[in-house]
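Working notes, structure below.
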Amino acid sequence: MVLNELGARINSALQTLSRESVIDEKAVDALLREICGALLESDVNVRLVQQLRLNVKALVNKDELAASANKRKVIQNALFDELCRLVDPGVQPWVPRKGKQSVVMFVGLQGSGKTTSCTKLAAYYKRKGMKVGMVCADTFRAGAFDQLKQNASRAHIPYYGSYNEADPVQIAMEGVAKFKKDKFDLIIVDTSGRHKQEAELFAEMEQIAAAIKPDNTVFVMDGTIGQAADSQARAFKESVDIGSIIITKMDGHAKGGGAISAVAATGSPIIFIGTGEHMHDLDRFSARPFVSKMLGMGDLTGLVETVQDMQLDKNEDMMKNIAKGVFTLKDMRDQLQSIMKMGPLSKLMGMMPGMSPEMMQGIDADESTRRLRSYMCIFDSMTESELGSDGKVFEDEARLRRVARGSGVRPVDIQAMLHQHKQFGQIVKRMGGPKGMLSKMNPAM
Ligand code: GDP
């Protein structure tokens, strides 16, 4: 069962309870049966579900509840607390600080989304103003360095790796030393993943950890692995000192209950969840807002942070351009990037209180998100001078074809984007310039 459905099932069970005229043991048992069944269908570990049932029952049986005027509220609160406990080990997560050099090591099985998450985390802290570097200490998988290089370049993150050196410990040490010397705030070291629980993999992880002494070790787990999450998390915990967890592939339709509750096996907090393949598809995780959101109560913390991250004030150049009535391709890219930083429309709506999971159904922002992403690939394939232009340079077909090849789209897709840019440009022209609306509203501009 996907998490939105789980939220809806829990809500509906609570509503049934509110309709009961008497809240007796039978009513509480029925509520717990429904909720525990839903949790099990979402792959939450059976021991944890059993514990949740016992904890809520123990509370309900207490004398004070019998005397309490509002039994429903007490039960609801107890349930909310128990759901939070499923995903919260009660440990404050480690966070890097600007100006204090720290090293973070990533571990996890191959294909779990480790390299992608390294880049997402690097980009996240770069947006917060930190100097972040990435090190590829995966010499096992052919192409691992190329993948990290490609991801890091796309996110404009400095990286370190080697095509010749076969010893991952050596590379990790060199990379960390280099970035430390260059006064980087956060150094992220990606390690090799390989296959399930290979002894060699764990030995290598231990050696790298001993050599670079990470301030934090992030365990990356695939959110779609269901019940297997518990044993996988335990295996990693036995070898390395897991400091935090990132759960990936928690996109809209993922089940995720297994992985999310596997946090109990490690005793370490989930710090982020990956919600897609794109660099910005990373959501900060904290238990109470997560459970609130799942139950359709909104996630105001997430919303506030998303808006802060947009950093609109950094667009001074664009404001100057607009005042002059100029709108370059780069201006368009920056605008669209700001929108993309906020994440898909459906995600933003999900953070708003009052938007229940049922109300979210039918909203499909995927198409527009896909189009924005393809625009970003187009912009990435342009040169600086092309980006700084008004797009007319692409009347040259050879140039158009080059960018199409580089970005993996058809020339006609680029023309459609240029057409949109032109339309934006016309609006900007009307607003800006000495006779424009902006200067009438504010002569100083
Ligand atoms: P690694 O082998 O652990 O380094 O895994 P990669 O970073 O190469 O990721 C494996 C695959 O999972 C790639 O195709 C990624 O694009 C994809 N992936 C990673 N994180 C996410 C996520 O949060 N959502 C989705 N849908 N895909 C993801």
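Following the order of the structure tokens, chains are lettered A, B, ..., residues in each are numbered from 1, and ligands are numbered from 1.
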Running DSSP on the backbone, which parts of region 15-257 of chain A land in helix (DSSP H, G or I), as an MDAnalysis selection string?
chainID A and resid 15:19 25:41 46:60 63:67 71:87 114:127 144:154 168:181 199:212 226:239 257
Name each residue within 10 Å of ligand 1, counting only C-alpha atoms and all ligand atoms, as an NGL selection string.
:A and (106-120 or 138 or 141 or 144 or 147-148 or 151 or 190-195 or 220-224 or 246-254 or 272-283)
The selected residues should be written to file as a short mmCIF file (atom, residue, chain, number, x, y, z; two decimals), in the first residue's frame (atoms: C-alpha atoms).
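Writing done, so here's selection-v4.cif:
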```cif
data_model
loop_
_atom_site.label_atom_id
_atom_site.label_comp_id
_atom_site.auth_asym_id
_atom_site.auth_seq_id
_atom_site.Cartn_x
_atom_site.Cartn_y
_atom_site.Cartn_z
CA PHE A 106 27.90 7.28 1.88
CA VAL A 107 27.26 3.54 2.11
CA GLY A 108 24.56 1.28 0.67
CA LEU A 109 23.93 -1.49 -1.81
CA GLN A 110 24.53 -1.02 -5.52
CA GLY A 111 21.51 0.50 -7.22
CA SER A 112 20.11 1.90 -3.98
CA GLY A 113 20.56 5.43 -5.32
CA LYS A 114 23.78 6.24 -3.49
CA THR A 115 25.54 8.31 -6.14
CA THR A 116 22.34 10.14 -7.03
CA SER A 117 21.74 10.94 -3.35
CA CYS A 118 25.35 12.15 -2.88
CA THR A 119 24.75 14.69 -5.62
CA LYS A 120 21.35 15.67 -4.25
CA ASP A 138 34.10 3.39 -5.93
CA ARG A 141 31.99 -0.63 -10.65
CA ALA A 144 31.22 4.78 -11.33
CA GLN A 147 28.62 8.76 -13.33
CA LEU A 148 29.70 10.82 -10.33
CA ASN A 151 26.18 14.22 -11.84
CA ASP A 190 30.75 7.94 -2.30
CA THR A 191 31.79 4.31 -1.73
CA SER A 192 31.29 1.13 -3.72
CA GLY A 193 27.96 -0.68 -3.46
CA ARG A 194 28.29 -4.11 -5.07
CA HIS A 195 25.77 -6.78 -4.28
CA VAL A 220 21.29 4.91 1.60
CA MET A 221 18.40 2.49 1.31
CA ASP A 222 16.05 1.80 -1.58
CA GLY A 223 12.54 2.60 -0.36
CA THR A 224 10.92 -0.03 -2.54
CA ILE A 246 18.49 8.53 3.30
CA ILE A 247 15.64 6.54 1.82
CA THR A 248 15.37 6.77 -1.93
CA LYS A 249 12.68 6.18 -4.55
CA MET A 250 9.92 7.42 -2.28
CA ASP A 251 8.23 8.95 -5.31
CA GLY A 252 4.46 9.36 -5.17
CA HIS A 253 3.56 5.71 -5.67
CA ALA A 254 6.21 4.01 -3.54
CA PHE A 272 16.16 12.95 3.81
CA ILE A 273 13.99 11.03 1.42
CA GLY A 274 14.62 10.87 -2.32
CA THR A 275 11.47 11.50 -4.30
CA GLY A 276 12.67 11.24 -7.92
CA GLU A 277 15.63 11.04 -10.23
CA HIS A 278 16.18 14.77 -10.52
CA MET A 279 18.75 16.63 -8.45
CA HIS A 280 16.14 18.58 -6.51
CA ASP A 281 14.04 15.54 -5.64
CA LEU A 282 15.23 15.38 -2.06
CA ASP A 283 12.98 16.18 0.89
#
```
Kindly indicate which residue among A:Arg399, A:Arg53, A:Lys180, A:Lys429 lies nearest to Gly325 (chain A), using only C-alpha atoms for the distances.
A:Lys429
Contacts of region 16-26 of chain A at 10 Å (only C-alpha atoms; same-chain gap of 3+ positions) as a ChimeraX atom specification
/A:10-13,29-32,57,60-61,66,70-73,75-76
Could those residues be written to a file, using C-alpha atoms, as a PDB file, in the first residue's frame?
```pdb
ATOM      1  CA  ILE A  10      -5.802   5.550   9.094  1.00  0.00           C
ATOM      2  CA  ASN A  11      -7.916   8.693   8.729  1.00  0.00           C
ATOM      3  CA  SER A  12     -10.939   6.731   7.783  1.00  0.00           C
ATOM      4  CA  ALA A  13     -10.476   4.357  10.748  1.00  0.00           C
ATOM      5  CA  ASP A  29      -9.891  -3.126  19.054  1.00  0.00           C
ATOM      6  CA  ALA A  30     -11.660  -2.529  15.745  1.00  0.00           C
ATOM      7  CA  LEU A  31      -9.692   0.700  15.225  1.00  0.00           C
ATOM      8  CA  LEU A  32      -6.380  -0.992  15.997  1.00  0.00           C
ATOM      9  CA  LYS A  57      -3.970  -0.533  24.175  1.00  0.00           C
ATOM     10  CA  VAL A  60      -6.425   3.116  26.604  1.00  0.00           C
ATOM     11  CA  ASN A  61      -6.710   0.796  29.565  1.00  0.00           C
ATOM     12  CA  ALA A  66     -11.640   5.934  31.581  1.00  0.00           C
ATOM     13  CA  ASN A  70     -12.454  13.230  25.421  1.00  0.00           C
ATOM     14  CA  LYS A  71     -11.416   9.663  24.836  1.00  0.00           C
ATOM     15  CA  ARG A  72     -11.301  10.092  21.087  1.00  0.00           C
ATOM     16  CA  LYS A  73      -8.748  12.858  21.311  1.00  0.00           C
ATOM     17  CA  ILE A  75      -6.631   7.831  21.399  1.00  0.00           C
ATOM     18  CA  GLN A  76      -5.899   9.968  18.358  1.00  0.00           C
TER      19      GLN A  76
END
```
Please indicate the distance in Å from CA of Gln101 (chain A) to CA of Ala152 (chain A), rounded to one decimal place.
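For CA of Gln101 (chain A) relative to CA of Ala152 (chain A), the distance reads 19.5 Å.
What separates CA of Met130 (chain A) from CA of Phe327 (chain A) is a distance of 29.5 Å.
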Quick check, in Å to one decimal: how far apart do CA of Ile414 (chain A) and CA of His156 (chain A) lie?
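Between CA of Ile414 (chain A) and CA of His156 (chain A) the gap works out to 23.2 Å.
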Please provide as number ranges by chain all residues within 10 Å of Cys84 (chain A), with the sequence filter that same-chain residues fewer than 2 positions apart are discarded (counting only C-alpha atoms).
A: 78-82, 86-90, 286-292
Among the residues of region 119-237 of chain A, find those DSSP assigns to strand (DSSP E or B) from the backbone and print them as an MDAnalysis selection string.
chainID A and resid 132:137 159:160 186:191 216:222
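With only C-alpha atoms as the atoms that count, the minimum distance from Pro269 (chain A) to the choices A:Asn216, A:Thr328, A:Gln335, A:Ser374 is reached by A:Asn216.
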Which residues are close to Leu387 (chain A), i.e. within 9 Å by only C-alpha atoms, leaving aside same-chain residues fewer than 5 positions away? Reply as a list in words.
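Those residues are Thr328, Leu329, Lys330, Asp331, Arg333, Phe379 and Met382 of chain A.
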So that I have them on file, write out the residues from the current selection with N, CA and C atoms, as a PDB file, in the first residue's frame.
```
ATOM      1  N   THR A 328      16.898  37.350 -21.378  1.00  0.00           N
ATOM      2  CA  THR A 328      17.756  36.397 -22.095  1.00  0.00           C
ATOM      3  C   THR A 328      17.297  34.962 -21.801  1.00  0.00           C
ATOM      4  N   LEU A 329      17.899  34.021 -22.528  1.00  0.00           N
ATOM      5  CA  LEU A 329      17.590  32.612 -22.258  1.00  0.00           C
ATOM      6  C   LEU A 329      18.015  32.239 -20.838  1.00  0.00           C
ATOM      7  N   LYS A 330      19.116  32.861 -20.379  1.00  0.00           N
ATOM      8  CA  LYS A 330      19.605  32.574 -19.032  1.00  0.00           C
ATOM      9  C   LYS A 330      18.582  33.044 -17.987  1.00  0.00           C
ATOM     10  N   ASP A 331      17.958  34.222 -18.251  1.00  0.00           N
ATOM     11  CA  ASP A 331      16.924  34.703 -17.332  1.00  0.00           C
ATOM     12  C   ASP A 331      15.791  33.690 -17.234  1.00  0.00           C
ATOM     13  N   ARG A 333      16.001  30.474 -17.847  1.00  0.00           N
ATOM     14  CA  ARG A 333      16.476  29.290 -17.122  1.00  0.00           C
ATOM     15  C   ARG A 333      16.425  29.529 -15.604  1.00  0.00           C
ATOM     16  N   PHE A 379      19.098  23.949 -21.838  1.00  0.00           N
ATOM     17  CA  PHE A 379      19.945  25.063 -21.373  1.00  0.00           C
ATOM     18  C   PHE A 379      21.361  24.566 -21.062  1.00  0.00           C
ATOM     19  N   MET A 382      23.761  24.547 -23.917  1.00  0.00           N
ATOM     20  CA  MET A 382      24.083  25.816 -24.597  1.00  0.00           C
ATOM     21  C   MET A 382      25.384  26.398 -24.059  1.00  0.00           C
TER      22      MET A 382
END
```
Fewer than 4 positions away in the same chain doesn't count, so skip those; otherwise give me all residues within 9 Å of Phe179 (chain A), counting only C-alpha atoms, as an MDAnalysis selection string.
chainID A and resid 132:134 160 174:175 183:187
